[in-house]
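> If you scroll down you'll find the structure; I have some questions about it.
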Amino acid sequence: MQRSFIILAGLALAVVSCSKKLETTTPDFQVKIDPARMVADTFTYKVGDTTQFLFAGNADNIAFYSGEPGKSYANRKASFKLGKLALSFSTKAEFGTQTNTLQVLATNKLTALDSATVVNANWTNITSKAALATSATVVNSGIIDLTDQVSGEKDSLFIAFKYSGVTGSTQRTWTITNYVLNNVLADQTVAISNLATDVSFWTRYGNVWNPAAARWTATATDLKITGGGGTSPTNTSWIISKPIYVGQISPDVSVGIKSITEPAKTGYPYKYTVPGVYKATFVAFNHTLDEERSVIREVIIKVIP
């Protein structure tokens with residue numbers, strides 16, 4: 001009986017020991033700027049100067065948000081915000097003289113991507129808003145405002161290019177480049193669709209699929225359809241974007257400037273390349289598997305030309 005009691009007591013002690021929470025402490029961390037840089041209560045630098053942030057104390061880890069677009073602590077979480085939807089692209093039309101062979105369409109009411117749904121969808125023809133090429137000379141469309149095509153920041157939008165070539169004469173060949181759809185906000189411009197990022201997501205339909213050049217092709221640099229000769233069949237061909245979530249804002253990111261494996265830092269140099277007023281933010285934190293403690297230090301920096 002004595003021996004059994006000792007074993008059970010040992011097991012109980014082990015359970016208590018293993019369940020103990022791993023704690024940490026709040027970092028003792030401060031950030032300062034050279035007071036000689038103070039001009040009218042604001043730390044002021046010229047473009048290209050090195051902003052030297054001076055540290056006191058220490059932390060296991062330090063992350064830095066410069067305050068520039070895409071690097072703001074205030075925007076560190078994903079969100080939705082709708083500004084002006086600005087579409088632009090460039091076109092080139094080669095060979096033949098057929099007219100009105102390219103249409104630009106938009107809708108936020110595409111419920112599926114099968115051919116019947118696409119053809120019968122409630123598309124808005126926005127072709128008249130764009131400047132289109134009439135020859136091999138590349139023409140920029142200008143900025144096409146599509147804000148009125150959506151109902152709110154969480155809406156989605158589809159862009160389509162519809163091609164028509166008629167048998168009986170040489171059909172046009174169209175090349176579309178520099179395609180980008182931006183969500184233009186007061187403090188930043190968010191690219192929500194472009195050729196490079198969306199190359200794998202375009203959907204194509206058409207009544208002529210032979211040869212392969214008779215249908216749209218998508219690459220990271222262009223959308224293209226090659227028209228047939230005078231005896232080629234009449235060709236109607238579509239290429240449609242992925243659903244574009246117009247107001248989705250990706251979270252801003254920080255730069256890790258110290259990890260727990262590195263020695264304490266006395267400062268951090270940084271160069272701002274564009275004039276403006278920036279809120280530089282340092283997040284210093286210590287953590288274990290069970291707990292994290294952090295402090296936030298902010299400095300306002302004015303950058304002049």
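Naming scheme: A, B, ... for chains in displayed order of the structure tokens; residues 1 onward per chain; ligands 1 onward as shown.
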Using only C-alpha atoms, determine which residues lie at most 7 Å from region 172-183 of chain A, disregarding the query and same-chain residues fewer than 2 positions distant; provide the list as a PyMOL selection string.
chain A and resi 82-96+98+165+170+185+189-195+221-227+246
> Any idea what's packed within 8 Å of Asn61 (chain A), counting only C-alpha atoms, ignoring anything in its chain fewer than 4 positions away? Could you give it as a ChimeraX atom specification?
/A:256-260,284-286
> Please produce a file of those selected residues containing C-alpha atoms, as a compact mmCIF listing (two decimals), in the first residue's frame.

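Once everything was written out, this is again10.txt:
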```
# COMPACT_ATOMS: atom_id res chain seq x y z
CA GLY A 256 10.73 41.80 -39.05
CA ILE A 257 13.84 43.61 -37.84
CA LYS A 258 14.69 41.40 -34.86
CA SER A 259 13.95 37.84 -33.77
CA ILE A 260 14.49 36.07 -30.46
CA ALA A 284 7.92 44.77 -29.84
CA PHE A 285 6.83 41.46 -28.37
CA ASN A 286 7.93 38.57 -26.19
```
> Please report, as JSON lines, each residue of region 95-135 of chain A lying at most 6 Å from region 139-151 of chain A, together with the nearest pair of atoms and the separation in Å rounded to one decimal; use only C-alpha atoms, and order rows by chain and ascending residue number.

```
{"residue": "A:Ala130", "atom": "CA", "partner": "A:Ser141", "partner_atom": "CA", "distance": 4.7}
{"residue": "A:Ala131", "atom": "CA", "partner": "A:Ser141", "partner_atom": "CA", "distance": 4.3}
{"residue": "A:Ala133", "atom": "CA", "partner": "A:Val139", "partner_atom": "CA", "distance": 5.1}
```
> Please produce, as CSV, a per-residue contact table for region 21-134 of chain A versus region 290-294 of chain A (criterion: any atom at most 10 Å away, only C-alpha atoms considered), showing the nearest atom pair and its distance in Å to one decimal, sorted by chain then residue number.

```
residue,atom,partner,partner_atom,distance
A:Lys21,CA,A:Asp290,CA,6.4
A:Leu22,CA,A:Asp290,CA,5.6
A:Glu23,CA,A:Glu291,CA,5.9
A:Thr24,CA,A:Glu291,CA,6.6
A:Thr25,CA,A:Arg293,CA,6.5
A:Thr26,CA,A:Arg293,CA,5.0
A:Pro27,CA,A:Ser294,CA,6.3
A:Asp28,CA,A:Ser294,CA,9.4
A:Phe29,CA,A:Ser294,CA,9.5
A:Ala59,CA,A:Ser294,CA,8.8
A:Asp60,CA,A:Ser294,CA,10.0
A:Asn61,CA,A:Ser294,CA,9.3
A:Ile62,CA,A:Ser294,CA,9.5
```
> Put those residues in a file: all heavy atoms, as a compact mmCIF listing (two decimals), in the first residue's frame.

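The resulting file, out.txt, is reproduced below:
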```
# COMPACT_ATOMS: atom_id res chain seq x y z
N LYS A 21 1.41 27.00 -16.94
CA LYS A 21 1.42 27.92 -18.06
C LYS A 21 2.80 28.55 -18.22
O LYS A 21 3.42 28.98 -17.26
CB LYS A 21 0.39 29.03 -17.83
CG LYS A 21 0.26 30.01 -18.98
CD LYS A 21 -0.82 31.02 -18.68
CE LYS A 21 -0.97 32.02 -19.82
NZ LYS A 21 -2.03 33.02 -19.52
N LEU A 22 3.28 28.57 -19.47
CA LEU A 22 4.56 29.20 -19.76
C LEU A 22 4.35 30.70 -19.95
O LEU A 22 3.72 31.13 -20.91
CB LEU A 22 5.16 28.58 -21.03
CG LEU A 22 5.49 27.10 -20.95
CD1 LEU A 22 5.99 26.60 -22.31
CD2 LEU A 22 6.53 26.83 -19.87
N GLU A 23 4.86 31.49 -19.03
CA GLU A 23 4.61 32.92 -19.02
C GLU A 23 5.79 33.69 -19.58
O GLU A 23 6.90 33.17 -19.72
CB GLU A 23 4.29 33.39 -17.60
CG GLU A 23 3.04 32.74 -17.01
CD GLU A 23 2.77 33.20 -15.60
OE1 GLU A 23 3.71 33.76 -14.97
OE2 GLU A 23 1.64 33.03 -15.12
N THR A 24 5.56 34.96 -19.89
CA THR A 24 6.63 35.84 -20.35
C THR A 24 6.41 37.22 -19.74
O THR A 24 5.45 37.45 -19.00
CB THR A 24 6.67 35.93 -21.88
OG1 THR A 24 7.85 36.64 -22.28
CG2 THR A 24 5.43 36.64 -22.43
N THR A 25 7.27 38.15 -20.06
CA THR A 25 7.18 39.50 -19.51
C THR A 25 6.93 40.51 -20.63
O THR A 25 7.22 40.25 -21.80
CB THR A 25 8.48 39.89 -18.78
OG1 THR A 25 9.58 39.79 -19.71
CG2 THR A 25 8.73 38.96 -17.61
N THR A 26 6.39 41.67 -20.27
CA THR A 26 6.18 42.74 -21.24
C THR A 26 7.53 43.37 -21.59
O THR A 26 8.32 43.66 -20.69
CB THR A 26 5.25 43.81 -20.66
OG1 THR A 26 4.00 43.20 -20.32
CG2 THR A 26 5.02 44.93 -21.67
N PRO A 27 7.79 43.58 -22.89
CA PRO A 27 9.09 44.14 -23.27
C PRO A 27 9.31 45.53 -22.69
O PRO A 27 8.38 46.34 -22.62
CB PRO A 27 9.01 44.21 -24.80
CG PRO A 27 7.95 43.25 -25.18
CD PRO A 27 6.96 43.26 -24.06
N ASP A 28 10.54 45.80 -22.28
CA ASP A 28 10.96 47.14 -21.88
C ASP A 28 11.63 47.74 -23.11
O ASP A 28 12.84 47.57 -23.33
CB ASP A 28 11.93 47.07 -20.70
CG ASP A 28 12.47 48.44 -20.31
OD1 ASP A 28 11.86 49.44 -20.71
OD2 ASP A 28 13.52 48.49 -19.64
N PHE A 29 10.86 48.47 -23.91
CA PHE A 29 11.34 48.89 -25.23
C PHE A 29 10.85 50.29 -25.54
O PHE A 29 9.66 50.60 -25.42
CB PHE A 29 10.83 47.92 -26.30
CG PHE A 29 11.21 48.28 -27.70
CD1 PHE A 29 12.50 48.06 -28.16
CD2 PHE A 29 10.28 48.84 -28.58
CE1 PHE A 29 12.86 48.40 -29.46
CE2 PHE A 29 10.63 49.18 -29.87
CZ PHE A 29 11.92 48.96 -30.32
N ALA A 59 13.63 43.71 -26.62
CA ALA A 59 12.48 42.82 -26.83
C ALA A 59 12.97 41.62 -27.60
O ALA A 59 13.94 41.69 -28.36
CB ALA A 59 11.38 43.54 -27.60
N ASP A 60 12.31 40.49 -27.41
CA ASP A 60 12.70 39.28 -28.15
C ASP A 60 12.50 39.46 -29.65
O ASP A 60 13.31 39.02 -30.46
CB ASP A 60 11.88 38.08 -27.67
CG ASP A 60 12.24 37.65 -26.26
OD1 ASP A 60 13.32 38.07 -25.77
OD2 ASP A 60 11.45 36.92 -25.63
N ASN A 61 11.40 40.13 -30.02
CA ASN A 61 11.05 40.29 -31.43
C ASN A 61 10.60 41.73 -31.68
O ASN A 61 9.90 42.32 -30.84
CB ASN A 61 9.93 39.34 -31.84
CG ASN A 61 10.23 37.90 -31.49
OD1 ASN A 61 10.89 37.20 -32.24
ND2 ASN A 61 9.76 37.45 -30.33
N ILE A 62 10.94 42.27 -32.85
CA ILE A 62 10.51 43.62 -33.22
C ILE A 62 10.07 43.62 -34.67
O ILE A 62 10.79 43.13 -35.55
CB ILE A 62 11.64 44.66 -33.04
CG1 ILE A 62 12.21 44.61 -31.62
CG2 ILE A 62 11.12 46.07 -33.34
CD1 ILE A 62 13.45 45.48 -31.43
```
> Rounded to one decimal in Å, what is the spacing between CA of Asn235 (chain A) and CA of Thr99 (chain A)?
13.9 Å
> Restricting the calculation to only C-alpha atoms, which member of A:Gln188, A:Thr134, A:Asn58, A:Ser200 is positioned closest to Thr217 (chain A)?
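So, comparing all the options, the nearest one is A:Ser200.
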> Any idea what the distance is between CA of Phe161 (chain A) and CA of Ala136 (chain A)?
18.4 Å
> Could you give me, as JSON lines, every region 249-289 of chain A residue with an atom at most 9 Å from region 66-75 of chain A, plus its closest atom pair and distance in Å to one decimal, counting only C-alpha atoms, rows ordered by chain then number?

```
{"residue": "A:Ile249", "atom": "CA", "partner": "A:Asn75", "partner_atom": "CA", "distance": 8.9}
{"residue": "A:Ser250", "atom": "CA", "partner": "A:Asn75", "partner_atom": "CA", "distance": 8.6}
{"residue": "A:Pro251", "atom": "CA", "partner": "A:Asn75", "partner_atom": "CA", "distance": 5.9}
{"residue": "A:Asp252", "atom": "CA", "partner": "A:Gly70", "partner_atom": "CA", "distance": 4.6}
{"residue": "A:Val253", "atom": "CA", "partner": "A:Lys71", "partner_atom": "CA", "distance": 5.2}
{"residue": "A:Ser254", "atom": "CA", "partner": "A:Lys71", "partner_atom": "CA", "distance": 6.0}
{"residue": "A:Val255", "atom": "CA", "partner": "A:Lys71", "partner_atom": "CA", "distance": 8.6}
{"residue": "A:Tyr270", "atom": "CA", "partner": "A:Ser66", "partner_atom": "CA", "distance": 8.4}
{"residue": "A:Tyr272", "atom": "CA", "partner": "A:Glu68", "partner_atom": "CA", "distance": 8.5}
{"residue": "A:Val274", "atom": "CA", "partner": "A:Glu68", "partner_atom": "CA", "distance": 8.9}
{"residue": "A:Gly276", "atom": "CA", "partner": "A:Glu68", "partner_atom": "CA", "distance": 8.9}
{"residue": "A:Val277", "atom": "CA", "partner": "A:Gly67", "partner_atom": "CA", "distance": 8.5}
{"residue": "A:Tyr278", "atom": "CA", "partner": "A:Gly67", "partner_atom": "CA", "distance": 5.0}
{"residue": "A:Lys279", "atom": "CA", "partner": "A:Gly67", "partner_atom": "CA", "distance": 4.9}
{"residue": "A:Ala280", "atom": "CA", "partner": "A:Ser66", "partner_atom": "CA", "distance": 4.6}
{"residue": "A:Thr281", "atom": "CA", "partner": "A:Ser66", "partner_atom": "CA", "distance": 6.4}
{"residue": "A:Phe282", "atom": "CA", "partner": "A:Ser66", "partner_atom": "CA", "distance": 8.6}
```
> Which is closest to Thr234 (chain A) among A:Thr137, A:Thr101, A:Ser115, A:Thr44, if we use only C-alpha atoms?
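For Thr234 (chain A), the nearest of the candidates is A:Thr101.
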> Of the candidates A:Ser241, A:Thr111, A:Thr236, A:Thr50, which shows the shortest atom-to-atom distance to Ser164 (chain A), using only C-alpha atoms?
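Selected residue with least distance to Ser164 (chain A): A:Thr236.
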